[in-house]
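Asks: Below you'll find the structure I mean.
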Amino acid sequence: MKRTTESDSNYNSLEQMSVKELLVNINREDQTVPQAIEKIIPQIEKLVNAIVKQMREGGRLFYMGAGTSGRLGIVDASECPPTYGVPHGMVIGIIAGGDKAIRKAVEFAEDDTEQGWKDLLKHKINSKDVVIGIAASGSTPYVVAALEACNKNNITTGCIVCNKGSNVAKAAKYKIEAVVGPEFVTGSTRMKSGTAQKLILNMISTSVMIKLGRVKGNKMVDMKLSNNKLVDRGTNMVAKELKINYKKANELLLKYGSVRKAIDSFKKVVGK
């Protein structure tokens, strides 16, 4: 089966293009990605609903992939604790080849059909959890085998792929197939396919965290105050919500450690 991600680019003689031509044409291709994602929102919705259900019952969310796909999952997982104040280990990214593969490719790690399940067992994977396989090609053996093992153990599975009818999609209960077409550089799936995966991961984790109550209004009320910028942002959020001055808001925020706790504690005191 011919994979769309391996199809010839719509452009040729790239080396003869000017820098401006390269940038304009890459940008033109990138603009097709959100359009492709718009068509599959129902697929994403089904997976998000399944994740929310499982996580409300104490489950965790796992992302699994190799290469660029694995790295994107790790990025999304690592940003959930500081952004939404959830515990480390609630959203987990796993990459074929282990943590060293985050920076440097590990040869043939993606071809291992046993290691994916072993990696999940290290985290005491159970039937409350959800595992999402990420693979642009949809053929990564590491991911396919891990999803199949999850299915045998009554673990909810999903996937994000960029080809139709792939082995990864066949192994996933909830499939997301974002077919974005040929890459600008033939086969370079870190480009449009990677962009699609990143956008979908944003949609999944953001929607899940909102439905789990980690956002109030449109604010990250549980974010970790890990630098001065975030302390300033949090202070302004408290000041605006409680209609108090910046200094008082800052004192409350630093005392209680989060926007949510600062606001709730102040309202309890004043009886609002």
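In the structure tokens, chains take letters A, B, ... by order of appearance, with residues numbered from 1 within each chain and ligands from 1 in the order shown.
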Any idea what's packed within 12 Å of Met191 of chain A, counting only C-alpha atoms, ignoring anything in its chain fewer than 5 positions away? Could you give it as a list in words?

Replies: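 Everything that qualifies: Thr5, Ser9, Ile26, Asn27, Glu29, Asp30, Gln31, Thr32, Val33, Thr68, Ser69, Ala136, Cys162, Val180, Gly181, Pro182, Glu183, Phe184, Val185, Thr186, Ala196, Gln197 and Lys198 of chain A.
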
Asks: With only C-alpha atoms as the basis for distance, which of A:Glu177, A:Glu241, A:Asp232, A:Asp129 is at the shortest distance from Glu38 of chain A?

Replies: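 Closest to Glu38 of chain A of all the choices is A:Glu177.
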
Asks: Would you mind listing what lies within 12 Å of Ile210 of chain A as a PyMOL selection string, with only C-alpha atoms counted and same-chain residues fewer than 4 positions away left out?

Replies: chain A and resi 48-49+52+80+83-84+86+202-206+214-222

Asks: Let's have the selection written as a compact mmCIF listing (two decimals), in the first residue's frame, with C-alpha atoms.

Replies:
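The resulting out.txt:
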# COMPACT_ATOMS: atom_id res chain seq x y z
CA VAL A 48 -11.13 12.96 24.16
CA ASN A 49 -14.42 11.78 25.64
CA VAL A 52 -11.90 12.15 30.20
CA CYS A 80 0.78 19.32 31.55
CA THR A 83 0.43 24.37 32.87
CA TYR A 84 -2.41 22.67 34.71
CA VAL A 86 -1.55 18.05 37.62
CA ASN A 202 -2.68 20.37 21.85
CA MET A 203 -6.37 19.79 21.21
CA ILE A 204 -6.45 16.54 23.18
CA SER A 205 -4.57 17.61 26.31
CA THR A 206 -6.16 21.06 26.46
CA ARG A 214 -8.16 22.54 35.44
CA VAL A 215 -9.23 25.81 33.75
CA LYS A 216 -11.59 28.43 35.15
CA GLY A 217 -13.13 30.83 32.66
CA ASN A 218 -10.20 30.89 30.28
CA LYS A 219 -7.42 30.96 32.88
CA MET A 220 -4.83 28.39 33.98
CA VAL A 221 -5.76 28.68 37.65
CA ASP A 222 -3.66 25.69 38.71

Asks: Write out as an MDAnalysis selection string each polymer residue whose atoms come within 8 Å of segment 249-262 of chain A, counting only C-alpha atoms; drop sequence neighbours fewer than 4 positions from it.

Replies: chainID A and resid 221:225 231:232 234:239 244:245 266

Asks: Would you please work out which residue, of A:Asn167, A:Ser226, A:Ser207, A:Ser193, is nearest to Pro34 of chain A when using only C-alpha atoms?

Replies: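 Looking only at the distances to Pro34 of chain A, the closest residue turns out to be A:Ser193.
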
Asks: Go through segment 43-75 of chain A and collect every residue that DSSP, computed from the backbone, puts in helix (DSSP H, G or I); the answer should be as a list in words.

Replies: Gln43, Ile44, Glu45, Lys46, Leu47, Val48, Asn49, Ala50, Ile51, Val52, Lys53, Gln54, Met55, Arg56, Gly67, Thr68, Ser69, Gly70, Arg71, Leu72, Gly73, Ile74 and Val75 of chain A

Asks: Which residues, written as an MDAnalysis selection string, have at least one atom at most 12 Å from Val161 of chain A, with only C-alpha atoms counted and residues fewer than 2 positions away on the same chain left out?

Replies: chainID A and resid 3:5 37 40 43:44 64:65 69 132:140 143:144 158:159 163:172 174:180 189 192:198 200:201

Asks: So that I can see what lies close to Ala105 of chain A, please list as a short mmCIF file (atom, residue, chain, number, x, y, z; two decimals) with C-alpha atoms, in the first residue's frame the residues with an atom at most 10 Å from it, counting only C-alpha atoms and leaving out residues fewer than 3 positions away in the same chain.

Replies:
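Resulting contents of out_28.cif:
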data_model
loop_
_atom_site.label_atom_id
_atom_site.label_comp_id
_atom_site.auth_asym_id
_atom_site.auth_seq_id
_atom_site.Cartn_x
_atom_site.Cartn_y
_atom_site.Cartn_z
CA ALA A 66 9.28 6.73 17.89
CA GLY A 67 11.45 9.56 16.58
CA THR A 68 9.63 12.85 15.99
CA ALA A 96 11.17 4.04 21.52
CA GLY A 97 14.78 3.73 22.61
CA LYS A 100 18.34 9.00 25.27
CA ALA A 101 16.30 8.87 22.06
CA ILE A 102 14.82 12.27 22.88
CA PHE A 108 16.12 0.18 15.02
CA ALA A 109 14.38 1.00 18.33
CA GLU A 110 11.12 1.57 16.47
#
